[in-house]
Amino acid sequence: MRRKLSAVWVMVLIAGSASASSRATIAYSFVCNGKTFGACPNGGSPNSLILGSDGNFYGTTANSGSNANGQFILGGTVFSLTSSGKFTLIHTFTGGTNHKFGNGAGATSVTEGPDGKLYGLTTSGGNGFSGLFLGYGVLFRVNKNGTGFRVIHRFCSSGTYCTDGVYSAGTLVAAGDGNVYGVTSQGGSGSGCGSGGCGTVFRVTPSSGAYEVVASFTTAYSGFPNGMTLGADGTFYGFTINGTALFHFVPATGTLQSVALPFPEPSGCPGLACTAMNVASFGPDGNLYGFYAVYNAPGVAGIFEVQPDGSHLQLFSPYTTTANPGTELLLASDGNFWFPKITSGSGDIVSLSPSSGQVIQTLTPFNASVHDPVEIIQAKDGLLWGVAAGGIVTSGHYGGGTVFSLNAGLPPR
């Protein structure tokens, strides 16, 4: 393995950064009514983006505006966008009877299924919506043209203990067996986490729309997953929310195994301790990578590497002391990791070396019109595309976020 975490923090963000002369190009801006608050007809706060098999982009927004008190209004949307900027509103999540959002609210992501339809998750709505409690969320399906919307599952439909899963985590993943899989961070039939359950792995069968829990996490140290990713071998890997374990799920057999990750205690990690933060990403060497955070040092983070069997955990030197260390690791066509990072200003896009964990460059393409990047993906022509939560629209309206593109000089995929 490579160089281990040193006692002296290496502030490679400063040494390895470089400002980009290019600016992000706004492909679409979400316009909201009013100067400071009001409805967002096409949604506000975009939070996910994928490239569909038809060459169009698809994504979600988290809300439908804000009120006079500055609070976000529930709802959200699913949308599509062509590379030339043609926007189509696919679905809007509405309150329905008594504004209970029984069909979901606060969409978080969409995934294209093997059948070409969009499958997605919401964090709110569905079961349990009552008073200030916003519900447990739903799993939904919709055609790319906006027809055929269907709630496949409302989480925590099985009573007090939510054995069918509750609080979806990460994104849905289409597997090679023709099904769609995902995880919940709590619920299930596992008894090692008390009455709340330790989380589940679930499956959706596209042909019938059937939802089924196919595995339950059983212990606190190995439970509470925060998402999972599909490996080249057709099986799933992921980390737990508290960073204590790497789990491995085999769809063909239903086998779920977890391996403890020995993140160092105070003597081996700056601050109090290190812990994994985000869903696993595969690197060019076939190993799994993720972010780690440092307790008692807000914003200090780095990346770690571990082999798929859970061995040879490697922490690289922290790369940042800014407020938001990042939310994803995109393995781009240049063989390096790229991710968006919200700063105290407009936000950055950072590239990291998988071999050293050091910053290769920091792009600063954002301004008042497009800022606070949330997610980036790479198109086949090499361009980066992403969504940003912030933006400014004049003429009496405020900005609910943007979809943007950026030429970072990456080769085509």
# chains A, B, ... in the order shown; residues from 1 in each chain; ligands from 1
>>> residues_around(residues="stretch 302-306 of chain A", least_positions_apart="4", cutoff="9 Å", atoms="only C-alpha atoms", output="PDB file with N, CA and C atoms, in the first residue's frame")
ATOM      1  N   LEU A 261     -13.881  -2.112   9.745  1.00  0.00           N
ATOM      2  CA  LEU A 261     -12.812  -1.247   9.239  1.00  0.00           C
ATOM      3  C   LEU A 261     -12.100  -0.608  10.425  1.00  0.00           C
ATOM      4  N   ALA A 276     -15.486   6.892   8.257  1.00  0.00           N
ATOM      5  CA  ALA A 276     -15.902   6.979   6.861  1.00  0.00           C
ATOM      6  C   ALA A 276     -17.145   7.836   6.745  1.00  0.00           C
ATOM      7  N   GLY A 283     -11.887   2.729  -7.542  1.00  0.00           N
ATOM      8  CA  GLY A 283     -10.793   3.440  -8.180  1.00  0.00           C
ATOM      9  C   GLY A 283     -10.259   2.682  -9.375  1.00  0.00           C
ATOM     10  N   ASN A 287      -9.802  -1.048  -6.156  1.00  0.00           N
ATOM     11  CA  ASN A 287     -10.062  -0.916  -4.735  1.00  0.00           C
ATOM     12  C   ASN A 287     -11.170   0.099  -4.485  1.00  0.00           C
ATOM     13  N   LEU A 288     -11.701   0.079  -3.274  1.00  0.00           N
ATOM     14  CA  LEU A 288     -12.769   0.979  -2.885  1.00  0.00           C
ATOM     15  C   LEU A 288     -12.199   2.217  -2.207  1.00  0.00           C
ATOM     16  N   TYR A 289     -12.811   3.366  -2.501  1.00  0.00           N
ATOM     17  CA  TYR A 289     -12.376   4.640  -1.935  1.00  0.00           C
ATOM     18  C   TYR A 289     -13.568   5.355  -1.323  1.00  0.00           C
ATOM     19  N   GLY A 290     -13.292   6.230  -0.376  1.00  0.00           N
ATOM     20  CA  GLY A 290     -14.326   7.057   0.216  1.00  0.00           C
ATOM     21  C   GLY A 290     -13.698   8.198   0.979  1.00  0.00           C
ATOM     22  N   PHE A 291     -14.525   9.106   1.464  1.00  0.00           N
ATOM     23  CA  PHE A 291     -14.056  10.204   2.298  1.00  0.00           C
ATOM     24  C   PHE A 291     -14.009   9.770   3.759  1.00  0.00           C
ATOM     25  N   TYR A 292     -13.069  10.312   4.502  1.00  0.00           N
ATOM     26  CA  TYR A 292     -13.122  10.196   5.954  1.00  0.00           C
ATOM     27  C   TYR A 292     -13.122  11.597   6.543  1.00  0.00           C
ATOM     28  N   ALA A 293     -13.735  11.729   7.699  1.00  0.00           N
ATOM     29  CA  ALA A 293     -13.788  12.995   8.420  1.00  0.00           C
ATOM     30  C   ALA A 293     -13.002  12.868   9.710  1.00  0.00           C
ATOM     31  N   VAL A 294     -12.616  13.983  10.258  1.00  0.00           N
ATOM     32  CA  VAL A 294     -11.853  14.016  11.502  1.00  0.00           C
ATOM     33  C   VAL A 294     -12.680  14.731  12.555  1.00  0.00           C
ATOM     34  N   GLY A 310     -12.002  -5.851   2.454  1.00  0.00           N
ATOM     35  CA  GLY A 310     -11.896  -5.124   3.712  1.00  0.00           C
ATOM     36  C   GLY A 310     -10.504  -5.037   4.276  1.00  0.00           C
ATOM     37  N   SER A 311      -9.509  -5.546   3.583  1.00  0.00           N
ATOM     38  CA  SER A 311      -8.139  -5.533   4.085  1.00  0.00           C
ATOM     39  C   SER A 311      -7.377  -4.296   3.597  1.00  0.00           C
ATOM     40  N   HIS A 312      -6.260  -4.035   4.245  1.00  0.00           N
ATOM     41  CA  HIS A 312      -5.324  -2.980   3.856  1.00  0.00           C
ATOM     42  C   HIS A 312      -5.980  -1.601   3.796  1.00  0.00           C
ATOM     43  N   LEU A 313      -6.632  -1.230   4.887  1.00  0.00           N
ATOM     44  CA  LEU A 313      -7.194   0.113   4.978  1.00  0.00           C
ATOM     45  C   LEU A 313      -6.070   1.138   4.958  1.00  0.00           C
ATOM     46  N   GLN A 314      -6.185   2.132   4.094  1.00  0.00           N
ATOM     47  CA  GLN A 314      -5.152   3.154   3.914  1.00  0.00           C
ATOM     48  C   GLN A 314      -5.791   4.537   3.975  1.00  0.00           C
ATOM     49  N   LEU A 315      -5.312   5.375   4.877  1.00  0.00           N
ATOM     50  CA  LEU A 315      -5.778   6.755   4.958  1.00  0.00           C
ATOM     51  C   LEU A 315      -4.707   7.677   4.395  1.00  0.00           C
ATOM     52  N   PHE A 316      -5.113   8.547   3.468  1.00  0.00           N
ATOM     53  CA  PHE A 316      -4.194   9.527   2.927  1.00  0.00           C
ATOM     54  C   PHE A 316      -4.280  10.819   3.739  1.00  0.00           C
ATOM     55  N   SER A 317      -3.262  11.650   3.606  1.00  0.00           N
ATOM     56  CA  SER A 317      -3.203  12.893   4.373  1.00  0.00           C
ATOM     57  C   SER A 317      -4.413  13.773   4.093  1.00  0.00           C
ATOM     58  N   PRO A 318      -4.924  14.476   5.105  1.00  0.00           N
ATOM     59  CA  PRO A 318      -6.061  15.377   4.873  1.00  0.00           C
ATOM     60  C   PRO A 318      -5.735  16.388   3.785  1.00  0.00           C
ATOM     61  N   TYR A 319      -6.741  16.727   2.992  1.00  0.00           N
ATOM     62  CA  TYR A 319      -6.513  17.629   1.878  1.00  0.00           C
ATOM     63  C   TYR A 319      -7.146  18.996   2.072  1.00  0.00           C
ATOM     64  N   THR A 320      -7.947  19.195   3.111  1.00  0.00           N
ATOM     65  CA  THR A 320      -8.708  20.437   3.208  1.00  0.00           C
ATOM     66  C   THR A 320      -9.025  20.806   4.648  1.00  0.00           C
ATOM     67  N   PRO A 325     -16.193  19.015   2.965  1.00  0.00           N
ATOM     68  CA  PRO A 325     -15.129  18.233   2.339  1.00  0.00           C
ATOM     69  C   PRO A 325     -15.522  17.539   1.058  1.00  0.00           C
ATOM     70  N   LEU A 352      -8.498  14.770  -7.277  1.00  0.00           N
ATOM     71  CA  LEU A 352      -7.566  14.120  -6.362  1.00  0.00           C
ATOM     72  C   LEU A 352      -6.896  12.943  -7.055  1.00  0.00           C
ATOM     73  N   PRO A 354      -5.769   9.190  -7.027  1.00  0.00           N
ATOM     74  CA  PRO A 354      -6.040   7.950  -6.287  1.00  0.00           C
ATOM     75  C   PRO A 354      -4.788   7.320  -5.698  1.00  0.00           C
ATOM     76  N   GLY A 357      -3.803  10.581  -2.847  1.00  0.00           N
ATOM     77  CA  GLY A 357      -4.807  11.337  -2.128  1.00  0.00           C
ATOM     78  C   GLY A 357      -4.592  12.831  -2.178  1.00  0.00           C
ATOM     79  N   GLN A 358      -3.590  13.286  -2.931  1.00  0.00           N
ATOM     80  CA  GLN A 358      -3.281  14.709  -2.984  1.00  0.00           C
ATOM     81  C   GLN A 358      -4.110  15.423  -4.039  1.00  0.00           C
TER      82      GLN A 358
END
>>> residues_around(residues="stretch 164-179 of chain A", least_positions_apart="6", cutoff="7 Å", atoms="only C-alpha atoms", output="list in words")
Ser109, Thr111, Gly113, Pro114, Gly120, Tyr136, Phe155, Cys156, Ser157, Ser158, Ser185, Gln186, Gly187, Gly188, Gly199, Thr200, Arg203, Val204, Thr205, Pro206, Val213, Asn226, Gly227, Met228 and Gly234 of chain A
>>> closest_residue(among="A:Gly146, A:Gly44, A:Pro251, A:Gly192", to="A:Val180", atoms="only C-alpha atoms")
A:Pro251
>>> select_by_dssp(residues="stretch 151-384 of chain A", states="strand (DSSP E)", output="JSON, numbers by chain")
{"A": [151, 152, 153, 154, 166, 167, 168, 169, 170, 171, 172, 173, 174, 180, 181, 182, 183, 184, 185, 186, 192, 193, 194, 195, 200, 201, 202, 203, 204, 205, 210, 211, 212, 213, 214, 215, 216, 229, 230, 236, 237, 238, 239, 245, 246, 247, 248, 249, 250, 255, 256, 257, 258, 259, 260, 274, 275, 276, 281, 282, 288, 289, 290, 291, 292, 293, 294, 301, 302, 303, 304, 305, 306, 314, 315, 330, 331, 337, 338, 339, 340, 341, 348, 349, 350, 351, 352, 359, 360, 361, 362, 363, 371, 372, 373, 374, 375, 376, 377, 378, 384]}
>>> residues_around(residues="A:Phe140", least_positions_apart="3", cutoff="6 Å", atoms="only C-alpha atoms", output="list in words")
Tyr119, Gly120, Arg150, Val151 and Ile152 of chain A
>>> write_last_selection(atoms="C-alpha atoms", output="PDB file, in the first residue's frame")
ATOM      1  CA  TYR A 119     -36.716   4.785 -10.474  1.00  0.00           C
ATOM      2  CA  GLY A 120     -36.268   7.223  -7.634  1.00  0.00           C
ATOM      3  CA  ARG A 150     -46.328   4.938  -9.637  1.00  0.00           C
ATOM      4  CA  VAL A 151     -45.377   4.679  -5.978  1.00  0.00           C
ATOM      5  CA  ILE A 152     -43.737   1.266  -5.761  1.00  0.00           C
TER       6      ILE A 152
END
>>> atom_distance(atom1="atom CA of A:Gly75", atom2="atom CA of A:Asn145")
19.5 Å
>>> residues_around(residues="A:Asn336", least_positions_apart="6", cutoff="12 Å", atoms="only C-alpha atoms", output="list in words")
Ser281, Phe282, Gly283, Pro284, Asp285, Tyr289, Leu329, Leu330, Val350, Ser351, Leu352, Ser353, Pro354, Ser355, Ser356, Gly357, Gln358, Val359, Ile360, Gln361, Leu410 and Pro411 of chain A
>>> atom_distance(atom1="atom CA of A:Leu406", atom2="atom CA of A:Ser80")
18.5 Å
>>> residues_around(residues="stretch 215-224 of chain A", least_positions_apart="6", cutoff="8 Å", atoms="only C-alpha atoms", output="short mmCIF file (atom, residue, chain, number, x, y, z; two decimals) with C-alpha atoms, in the first residue's frame")
data_model
loop_
_atom_site.label_atom_id
_atom_site.label_comp_id
_atom_site.auth_asym_id
_atom_site.auth_seq_id
_atom_site.Cartn_x
_atom_site.Cartn_y
_atom_site.Cartn_z
CA THR A 184 -32.36 1.63 3.92
CA SER A 185 -30.32 2.87 6.85
CA GLN A 186 -32.77 1.48 9.42
CA GLY A 188 -35.48 -4.71 8.68
CA SER A 189 -35.67 -7.92 10.66
CA GLY A 190 -32.23 -7.65 12.30
CA SER A 191 -32.40 -7.68 16.09
CA GLY A 192 -28.94 -6.38 16.94
CA CYS A 193 -29.90 -2.69 16.89
CA GLY A 197 -33.53 -2.36 13.00
CA CYS A 198 -30.07 -2.05 11.49
CA GLY A 199 -31.06 -1.47 7.86
CA THR A 200 -31.95 -3.49 4.80
CA VAL A 201 -31.03 -4.32 1.23
CA PHE A 202 -34.12 -4.30 -0.98
CA THR A 240 -21.96 1.91 7.04
CA ILE A 241 -23.02 5.35 8.23
CA ASN A 242 -20.76 5.33 11.26
CA THR A 244 -17.24 0.94 11.23
CA ALA A 245 -17.66 -1.60 8.44
CA LEU A 246 -17.51 -2.43 4.75
CA PHE A 247 -20.39 -4.62 3.60
CA GLY A 254 -28.69 -13.12 -1.08
CA THR A 255 -25.52 -13.30 1.02
CA LEU A 256 -24.72 -10.19 3.10
CA SER A 258 -19.63 -7.20 6.75
CA VAL A 259 -15.99 -6.59 7.64
CA ALA A 260 -14.93 -4.20 10.40
#
>>> residues_around(residues="stretch 89-98 of chain A", least_positions_apart="3", cutoff="8 Å", atoms="only C-alpha atoms", output="PDB file with C-alpha atoms, in the first residue's frame")
ATOM      1  CA  ASN A  42     -40.245  23.539 -12.038  1.00  0.00           C
ATOM      2  CA  GLY A  43     -38.685  22.818  -8.650  1.00  0.00           C
ATOM      3  CA  GLY A  75     -42.711  18.815  -2.960  1.00  0.00           C
ATOM      4  CA  GLY A  76     -39.935  18.709  -5.510  1.00  0.00           C
ATOM      5  CA  THR A  77     -39.801  17.520  -9.098  1.00  0.00           C
ATOM      6  CA  VAL A  78     -38.291  15.095 -11.593  1.00  0.00           C
ATOM      7  CA  PHE A  79     -36.992  16.685 -14.797  1.00  0.00           C
ATOM      8  CA  SER A  80     -35.145  15.995 -18.039  1.00  0.00           C
ATOM      9  CA  PHE A 101     -47.760  14.095   0.375  1.00  0.00           C
ATOM     10  CA  GLY A 102     -48.782  10.459   0.362  1.00  0.00           C
ATOM     11  CA  ASN A 103     -46.964   9.954  -2.941  1.00  0.00           C
ATOM     12  CA  GLY A 104     -43.680  11.355  -1.687  1.00  0.00           C
ATOM     13  CA  ALA A 105     -41.901  14.680  -1.253  1.00  0.00           C
ATOM     14  CA  LYS A 144     -39.122   9.348 -19.154  1.00  0.00           C
ATOM     15  CA  ASN A 145     -41.966  11.203 -20.846  1.00  0.00           C
ATOM     16  CA  GLY A 146     -43.722  11.761 -17.517  1.00  0.00           C
ATOM     17  CA  THR A 147     -46.449   9.151 -17.891  1.00  0.00           C
ATOM     18  CA  PHE A 149     -45.993   7.597 -12.322  1.00  0.00           C
TER      19      PHE A 149
END
>>> atom_distance(atom1="atom CA of A:Val403", atom2="atom CA of A:Ala388")
6.4 Å
>>> decode(residues="stretch 68-89 of chain A", atoms="N, CA and C atoms", output="PDB file, in the first residue's frame")
ATOM      1  N   ALA A  68     -42.446  32.714   3.455  1.00  0.00           N
ATOM      2  CA  ALA A  68     -41.994  34.011   3.963  1.00  0.00           C
ATOM      3  C   ALA A  68     -41.032  33.878   5.133  1.00  0.00           C
ATOM      4  N   ASN A  69     -41.032  32.734   5.800  1.00  0.00           N
ATOM      5  CA  ASN A  69     -40.117  32.517   6.927  1.00  0.00           C
ATOM      6  C   ASN A  69     -38.799  31.911   6.492  1.00  0.00           C
ATOM      7  N   GLY A  70     -38.605  31.768   5.184  1.00  0.00           N
ATOM      8  CA  GLY A  70     -37.363  31.211   4.686  1.00  0.00           C
ATOM      9  C   GLY A  70     -37.303  29.708   4.709  1.00  0.00           C
ATOM     10  N   GLN A  71     -38.403  29.043   5.051  1.00  0.00           N
ATOM     11  CA  GLN A  71     -38.427  27.587   5.105  1.00  0.00           C
ATOM     12  C   GLN A  71     -38.810  27.021   3.748  1.00  0.00           C
ATOM     13  N   PHE A  72     -38.184  25.891   3.396  1.00  0.00           N
ATOM     14  CA  PHE A  72     -38.484  25.264   2.115  1.00  0.00           C
ATOM     15  C   PHE A  72     -39.871  24.637   2.138  1.00  0.00           C
ATOM     16  N   ILE A  73     -40.561  24.730   1.006  1.00  0.00           N
ATOM     17  CA  ILE A  73     -41.862  24.111   0.850  1.00  0.00           C
ATOM     18  C   ILE A  73     -41.653  22.712   0.294  1.00  0.00           C
ATOM     19  N   LEU A  74     -42.339  21.758   0.889  1.00  0.00           N
ATOM     20  CA  LEU A  74     -42.215  20.379   0.426  1.00  0.00           C
ATOM     21  C   LEU A  74     -42.674  20.226  -1.021  1.00  0.00           C
ATOM     22  N   GLY A  75     -42.317  19.109  -1.587  1.00  0.00           N
ATOM     23  CA  GLY A  75     -42.711  18.815  -2.960  1.00  0.00           C
ATOM     24  C   GLY A  75     -41.509  18.321  -3.729  1.00  0.00           C
ATOM     25  N   GLY A  76     -41.055  19.115  -4.676  1.00  0.00           N
ATOM     26  CA  GLY A  76     -39.935  18.709  -5.510  1.00  0.00           C
ATOM     27  C   GLY A  76     -40.408  18.172  -6.852  1.00  0.00           C
ATOM     28  N   THR A  77     -39.468  17.932  -7.742  1.00  0.00           N
ATOM     29  CA  THR A  77     -39.801  17.520  -9.098  1.00  0.00           C
ATOM     30  C   THR A  77     -38.791  16.508  -9.637  1.00  0.00           C
ATOM     31  N   VAL A  78     -39.185  15.881 -10.752  1.00  0.00           N
ATOM     32  CA  VAL A  78     -38.291  15.095 -11.593  1.00  0.00           C
ATOM     33  C   VAL A  78     -38.273  15.786 -12.952  1.00  0.00           C
ATOM     34  N   PHE A  79     -37.091  15.937 -13.551  1.00  0.00           N
ATOM     35  CA  PHE A  79     -36.992  16.685 -14.797  1.00  0.00           C
ATOM     36  C   PHE A  79     -36.038  15.995 -15.765  1.00  0.00           C
ATOM     37  N   SER A  80     -36.123  16.419 -17.034  1.00  0.00           N
ATOM     38  CA  SER A  80     -35.145  15.995 -18.039  1.00  0.00           C
ATOM     39  C   SER A  80     -34.596  17.231 -18.729  1.00  0.00           C
ATOM     40  N   LEU A  81     -33.406  17.088 -19.305  1.00  0.00           N
ATOM     41  CA  LEU A  81     -32.744  18.204 -19.977  1.00  0.00           C
ATOM     42  C   LEU A  81     -31.875  17.651 -21.095  1.00  0.00           C
ATOM     43  N   THR A  82     -32.007  18.223 -22.277  1.00  0.00           N
ATOM     44  CA  THR A  82     -31.135  17.819 -23.379  1.00  0.00           C
ATOM     45  C   THR A  82     -29.816  18.574 -23.269  1.00  0.00           C
ATOM     46  N   SER A  83     -28.822  18.113 -24.002  1.00  0.00           N
ATOM     47  CA  SER A  83     -27.515  18.778 -23.979  1.00  0.00           C
ATOM     48  C   SER A  83     -27.584  20.191 -24.548  1.00  0.00           C
ATOM     49  N   SER A  84     -28.635  20.477 -25.319  1.00  0.00           N
ATOM     50  CA  SER A  84     -28.811  21.817 -25.873  1.00  0.00           C
ATOM     51  C   SER A  84     -29.627  22.724 -24.959  1.00  0.00           C
ATOM     52  N   GLY A  85     -30.076  22.199 -23.809  1.00  0.00           N
ATOM     53  CA  GLY A  85     -30.769  23.020 -22.828  1.00  0.00           C
ATOM     54  C   GLY A  85     -32.274  22.961 -22.852  1.00  0.00           C
ATOM     55  N   LYS A  86     -32.877  22.037 -23.589  1.00  0.00           N
ATOM     56  CA  LYS A  86     -34.332  21.912 -23.596  1.00  0.00           C
ATOM     57  C   LYS A  86     -34.789  21.200 -22.333  1.00  0.00           C
ATOM     58  N   PHE A  87     -35.570  21.882 -21.515  1.00  0.00           N
ATOM     59  CA  PHE A  87     -36.013  21.379 -20.222  1.00  0.00           C
ATOM     60  C   PHE A  87     -37.418  20.796 -20.342  1.00  0.00           C
ATOM     61  N   THR A  88     -37.650  19.673 -19.676  1.00  0.00           N
ATOM     62  CA  THR A  88     -38.976  19.069 -19.611  1.00  0.00           C
ATOM     63  C   THR A  88     -39.280  18.689 -18.172  1.00  0.00           C
ATOM     64  N   LEU A  89     -40.406  19.149 -17.660  1.00  0.00           N
ATOM     65  CA  LEU A  89     -40.853  18.773 -16.320  1.00  0.00           C
ATOM     66  C   LEU A  89     -41.535  17.414 -16.419  1.00  0.00           C
TER      67      LEU A  89
END
